[in-house]
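**Q** Right, I'll just put the structure down here and ask away after.
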Amino acid sequence: MIGFLVRRAGTMAVTTLIISALVFFIIKLPPGDFLTNQIAELRSQGEAASAAKAEFLIRQYGLDLPVWQQYLVWIGVWPGPNGFSGLLQGDWGWSFEYDRPVTEVVGDALWLTLLINLVVVIFVHVVSIPIAIYSATRQYSVGDYIATFIGYIGLATPSFLLALILLYYTNRWFGISIGGLYDAKYSGQPWTWPKIQSLMSHLIVPTLVIGLGGTAAMIRRMRANLLDELGKQYYVTAKAKGLPPTRALLKYPFRMSLNPFIADIGNLLPHLISGSVLVSLVLSLPTVGPILLAALKSQDQFLAGFILMFVAILTVVGMLISDLLLAMLDPRIRLGGGK
Amino acid sequence: MSPGLADRTAHFVDKAPFDPGLSEPGGAESDSFYRASALRLTWWKFKRHKVAVVAAYVLLFFYGLVPFVEAVAPYNQTKRNGDFIYAPPQPVHLFHEGRLIGPFVYPYRFTFNMETFRRDYVVDTTRPQPLRFFCSGDRYELWGLIPGSFHLFCPPAEGSVFLLGTDRLGRDLFSRIIYGARISLTIGLVGIAVSFTLGLFFGGLAGYLGGWVDNVVQRVIEILRSLPELPLWLALSAALPPNWSPILVFFGITIILGLLDWPGLARAVRSKLLALREEDFVRAAELMGASKTRIIARHLIPNFMSHLIASATLSIPSMILGETALSFLGLGLRPPVTSWGVLLNEAQNLAAVQLHPWLLLPIVPVILIVLAFSFMGDGMRDAADPYH
């Protein structure tokens, strides 16, 4: 198990390194950068003093260096103008647009992104397992058809529109206030019970919307897995022996079908995180999604780069966790790995 | 042992003449079954999947419209009807006061409500206005080349026909959805062509060469698959220069969509190639002295192509949804290009949901097309292996 852990952690480190290079390359793709654009604008307005300040910032953040050096400075393995100070040292850079350190700009948004994605993963599993078991054990029943139909709709409807429509109708029918993560009156307040309640009621729509596509995919796959297992001899034997149906189901075929299910968390996570970015934009949730979009549009490179790194690392870590769970569940994987 | 039991266990032989063709029901049919080519078998199997066939017809219908959108739409996509801003959908009727007079609409009269500051449209049910068919209406240039004015149907001479309402500039939503189909439907196909080429190339390379090439391609696939798509799409489309022409942006977006989609296909190609290499028919071809190129071209590619086309079909929906999402966020296609995502961009706020819910209608064709591709892809995947 230790060997497996070390191997997996090593792969993860290499993956993260390559992702960081990719991310930096992508945010550097548009010609120019935030500061050169700003300098041009300030010059045209004749504000030489401000332009001088921006030029100072360019030197300060090493934006005049070649791109490969900028990258190495950014991840913190090359001495920049301030010595070794990059992602590895915990310095996430400076947001030019907000004129504040990236740490301050993203701050709470990181935790809320994490929270939402965690809640969605739990939601997807809690909802899809029982529905999949129901659909598989009562194949071609009315309930099965309804679940399949809703699943297809869930896969086909763009999440952002669903968010918009649900947002409107939950407000109209259930009086849940619109947008944000909690009622406006709680902003800046300490975390009290009413505020947590407000947070929870606001999480319902986003969780539903982000999780729907994933839930649909999960139900389909889990149902197929379980159906394969239900026809096998050992389950027939267990039932013939007189094991109660529920116990026979949960003890053998269910456990067998769970295996690909957990392996799927890895596939699910990138989609969930994509979904949460998009849905946050529509519902104006204070996650990293809206900040990312604004940063990309204004070429605020360190901010955009950090957020892209953050969501990528979130998926990579999620995959690592799913691999570890799988290794714990199935001895064949941890013993057979590395070949 | 009683004689009765011995009778029953004795080997029974029917004295009637035996025709092997009759032992399997439908002799002539099964004969043609064994002689049919793999392609024909695939087609038969696909036809049995009723939902997939219906989906295929739906897609055929929509793609059949694409070349002729100018003639199908009653209005030009940019035609502004200043008197009808945010007009609700006008239903088509057949009976006026119990009398059949063919498809017609009731005209709108519009008043400005000074209390709510909104336009109120009153339906005038006294004057039915019949629609005109195969008529001459707004002028257009088919594919931007051939000038024409022929339309499948046109508004009444003195009236309007807004089947799905109008937007903030009084442009007919129905016509714009039809025009949008051209972009939204082709973007999926062009995108899949990009990802298909990349997937075939890298998957083939990995599966055929093996060794370190295989290893490198596998790692790249793993990394790309672990990245959340949308943030990367956002970042890449933000990198498209703002001064590009709409056509260049269109190709830029398709390439971006295809660029992140190929790993799934490449993985399928690789695993299929590895599995098929070990098959008996490949061994047989080798023993008969077939060259490597012949084995790949005549035996391997036809065998996994059906699988590939099926999985490519299944990934078209994610492209269409991707374009819709990007355009919705304002980072994809931009007006004057009309796609379903661009149309939905107008319905971005709650006011649209509340006051002008018909602006959300472009979502219907999106869902329809995505479902049709999913069902057809499912059917094709089942049919891709006709011998099982």
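Simple scheme: letters A, B, ... for chains in structure tokens order, numbers from 1 for residues in each chain, numbers from 1 for ligands in the order shown.
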Please identify which residues in range 38-254 of chain A DSSP calls strand (DSSP E) from the backbone, and express them as a list in words.
**A**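 Put together, the selection reads Trp94, Ser95, Arg100 and Pro101 of chain A.
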**Q** Set out as a tab-separated table a contact list for chain B and chain A with a cut-off of 9 Å, giving each residue of chain B that qualifies its closest atom pair and distance in Å to one decimal, counting only C-alpha atoms, ordered by chain and rising residue number.
**A**
residue	atom	partner	partner_atom	distance
B:Arg219	CA	A:Thr15	CA	8.5
B:Glu222	CA	A:Thr15	CA	8.7
B:Ile223	CA	A:Thr15	CA	6.3
B:Leu224	CA	A:Ile19	CA	8.7
B:Arg225	CA	A:Asn267	CA	7.8
B:Ser226	CA	A:Pro270	CA	6.4
B:Leu227	CA	A:Ala312	CA	5.6
B:Pro228	CA	A:Pro270	CA	4.1
B:Glu229	CA	A:Ser274	CA	6.1
B:Leu230	CA	A:Ser274	CA	4.9
B:Pro231	CA	A:Ser274	CA	6.4
B:Leu232	CA	A:Leu308	CA	7.7
B:Leu234	CA	A:Leu293	CA	7.3
B:Ala235	CA	A:Leu296	CA	6.2
B:Leu236	CA	A:Ile26	CA	6.5
B:Ala238	CA	A:Leu296	CA	6.2
B:Ala239	CA	A:Pro30	CA	4.5
B:Leu240	CA	A:Pro30	CA	6.8
B:Pro241	CA	A:Pro30	CA	6.8
B:Pro317	CA	A:Ala156	CA	7.8
B:Ser318	CA	A:Ala156	CA	8.9
B:Leu321	CA	A:Pro158	CA	6.4
B:Gly322	CA	A:Pro158	CA	8.9
B:Thr324	CA	A:Pro158	CA	8.0
B:Ala325	CA	A:Pro158	CA	7.4
B:Phe328	CA	A:Phe160	CA	8.7
B:Leu329	CA	A:Leu281	CA	8.4
B:Leu331	CA	A:Lys297	CA	8.6
B:Leu344	CA	A:Leu161	CA	8.6
B:Ala347	CA	A:Leu161	CA	8.9
B:Gln348	CA	A:Val282	CA	7.8
B:Asn349	CA	A:Leu164	CA	7.7
B:Leu350	CA	A:Tyr168	CA	6.9
B:Val353	CA	A:Ile165	CA	6.9
B:Gln354	CA	A:Tyr168	CA	7.7
B:Leu360	CA	A:Leu161	CA	8.2
B:Ile363	CA	A:Thr157	CA	7.8
B:Val364	CA	A:Thr157	CA	9.0
B:Val366	CA	A:Thr157	CA	7.8
B:Ile367	CA	A:Ala156	CA	5.3
B:Leu368	CA	A:Ala156	CA	8.0
B:Ile369	CA	A:Ala156	CA	8.6
B:Val370	CA	A:Ala156	CA	5.6
B:Leu371	CA	A:Ala156	CA	6.0
B:Ser374	CA	A:Tyr152	CA	8.6
**Q** If I take CA of Ala13 in chain A and CA of Ile75 in chain A, how far is one from the other in Å, to one decimal?
**A** 13.1 Å
**Q** Select from range 61-197 of chain A everything DSSP, run on the backbone, classes as alpha helix (DSSP H), then give the selection as a PyMOL selection string.
**A** chain A and resi 67-75+102-137+142-156+159-174+193-197
